[in-house]
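Participant: There's a structure below that I have some questions on.
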Amino acid sequence: MKLRNVIQHGLRSFSSGKVAFSRSATTPTLKEIGLLLPSTNTTPTFEAGQIFIHRTFAYKGVVVCSFPCRLHEKRSQQNEKHLTTRDFYQVLIHRHDWSHMGFPVDITSYLVDAPMENKRHGQKMLTLINGMDCVSHEDIIPFTPSGGVNFDHDLFDLIFNAAHDGTGLYNVAMKPELVERYTNSNRSWLGPRDVYRERTENIEVTVMTFYLGANMVGGQQQHMWRYVIRIENKKPENGVILRERTLKVYSLNNMNQMHGHGVVGKQPELNAATPAFQFSSTLELKHTKGGHMWGRFKMERENGVLFDVHIPTIVFESTEEINDTPIETPDAA
């Protein structure tokens, strides 16, 4: 099955049929980019080097590594929570798609040792990786690139070998010397600790948590977490606007509340053109156990009616040692 991709700037969705479609009102420019591969929820774990289209955000990505992860799911109008194990993947995003994928490019971060001239009492720095995302198995529509399609990301050539074969297809594989390091990776900043999902009135909120490790902040040891929140309108024909957020964090008898307009300085619209949005933030806790977070988003319908969307209760707990080695070079991967 031939796969076509909308290369116009306005690309916002991808169809798993023969042709990719644009939600832009203008006429898109279409370009054939490869062959679709069969995929279902029962498809085996995707291997490193698998090229894909993101089912919701429509960017082109490549799988770096996979992690089995606990998914805590609370279904609408039910108090019962369902616990399953799903495959999640750290992926690189093709640079050409950064401008239209619909969320900040710098949602992935981790801790590294500070330079010697700035290093004090074990203090570490938070470092960002642009164009890296964590996705679920069902997010991935795999395909085999063809023609002159190449993948553009600063880390791509450091991690993968890629070449066009005799038939014109583009083969991608992780460098042999890196396979064991990524397959057996214990970097908790790469693999989600837990994933939580809850749906309210067709708005689905998914939260992924990552333990970044211990850091010295103001002379006191703190344990840093990163979390990614994804908000998706499951009926995008009925658009909504995210107006406010309220988050409550509880840890060892201390309660903190964070309230503000929108998220990351925006009030994203979730509609047929942009059905989903995601953002990332960090949290510092004094202990590795006993941390909880929950909250709500206030949404506005097209007719001006406001309603609340629940953010599932999230647990921040980890007693595992982490490997905070960066991945910028093959020797450090």
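Order determines the names: the first chain of the structure tokens is A, the second B, and so forth; residues in each chain are numbered 1 upward, and ligands are numbered 1 upward as they are shown.
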What lies within 10 Å of Val112 in chain A using only C-alpha atoms, ignoring chain neighbours under 2 positions off, as a list in words?
Facilitator: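 Near neighbours after the sequence-gap exclusion: Ser109, Tyr110, Ala114, Pro115, Gln123, Lys124, Met125, Leu126, Thr127, Leu212, Gly213, Asn215, Asp324, Thr325 and Pro326 of chain A.
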Participant: Go ahead and write the residues just picked, C-alpha atoms, as a compact mmCIF listing (two decimals), in the first residue's frame.
Facilitator:
# COMPACT_ATOMS: atom_id res chain seq x y z
CA SER A 109 14.47 16.64 29.79
CA TYR A 110 16.93 14.90 32.11
CA ALA A 114 26.92 20.60 36.27
CA PRO A 115 30.26 21.82 34.84
CA GLN A 123 23.94 20.12 42.09
CA LYS A 124 22.86 19.00 38.63
CA MET A 125 21.48 20.79 35.59
CA LEU A 126 18.24 20.10 33.75
CA THR A 127 19.04 19.45 30.09
CA LEU A 212 14.91 12.00 36.77
CA GLY A 213 16.85 11.36 39.98
CA ASN A 215 19.42 16.78 42.90
CA ASP A 324 21.68 9.66 33.98
CA THR A 325 24.24 9.26 31.17
CA PRO A 326 23.27 11.50 28.22
Participant: Using only C-alpha atoms, determine which residues lie at most 8 Å from range 190-200 of chain A, disregarding the query and same-chain residues fewer than 4 positions distant; provide the list as a VMD selection string.
Facilitator: chain A and resid 66 to 67 69 to 76 88 to 90 204 to 211 309 to 314
Participant: Which polymer residues have any atom within 8 Å of an atom of Asn161 in chain A, counting only C-alpha atoms, with same-chain residues fewer than 4 positions away left out, as a PDB file with C-alpha atoms, in the first residue's frame?
Facilitator:
ATOM      1  CA  ASP A 157      23.142   9.695  12.617  1.00  0.00           C
ATOM      2  CA  VAL A 172      17.157   2.055   9.326  1.00  0.00           C
ATOM      3  CA  ALA A 173      18.850   0.071  12.097  1.00  0.00           C
ATOM      4  CA  MET A 174      20.483   0.979  15.400  1.00  0.00           C
ATOM      5  CA  LYS A 175      24.274   0.925  15.360  1.00  0.00           C
TER       6      LYS A 175
END
Participant: Provide the CA of Leu111 in chain A to CA of Glu180 in chain A distance in Å, to one decimal place.
Facilitator: 22.4 Å
Participant: With only C-alpha atoms as the atoms that count, which of A:Glu244, A:Asp133, A:Glu138, A:Glu317 lies nearest to Asp106 in chain A?
Facilitator: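 Checking each of A:Glu244, A:Asp133, A:Glu138, A:Glu317 against Asp106 in chain A, counting only C-alpha atoms, the winner is A:Asp133.
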Participant: I need the residue nearest His54 in chain A from this list: A:Val91, A:Leu252, A:Ile140, A:Met258. Use only C-alpha atoms for the distance.
Facilitator: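 Smallest separation from His54 in chain A among the options: A:Ile140.
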Participant: Find the distance between CA of Met293 in chain A and CA of Ile107 in chain A and write it in Å to one decimal.
Facilitator: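 Between CA of Met293 in chain A and CA of Ile107 in chain A the gap works out to 19.0 Å.
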Participant: Skip Phe156 in chain A itself and residues of its chain fewer than 6 positions away, then list as a list in words all residues within 12 Å of it, counting only C-alpha atoms.
Facilitator: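 Those residues are Ala48, Gly49, Ile51, Gly61, Val62, Val63, Val64, Val91, Leu92, Ile93, His94, Arg95, Gly131, Met132, Asn150, Ala162, Val172, Ala173, Met174, Lys175, Ile327, Glu328, Thr329 and Pro330 of chain A.
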Participant: Rank A:Gln278, A:Thr40, A:Gln257, A:Thr85 by their smallest atom-to-atom distance to Phe103 in chain A, using only C-alpha atoms, and report the top residue only.
Facilitator: A:Gln278
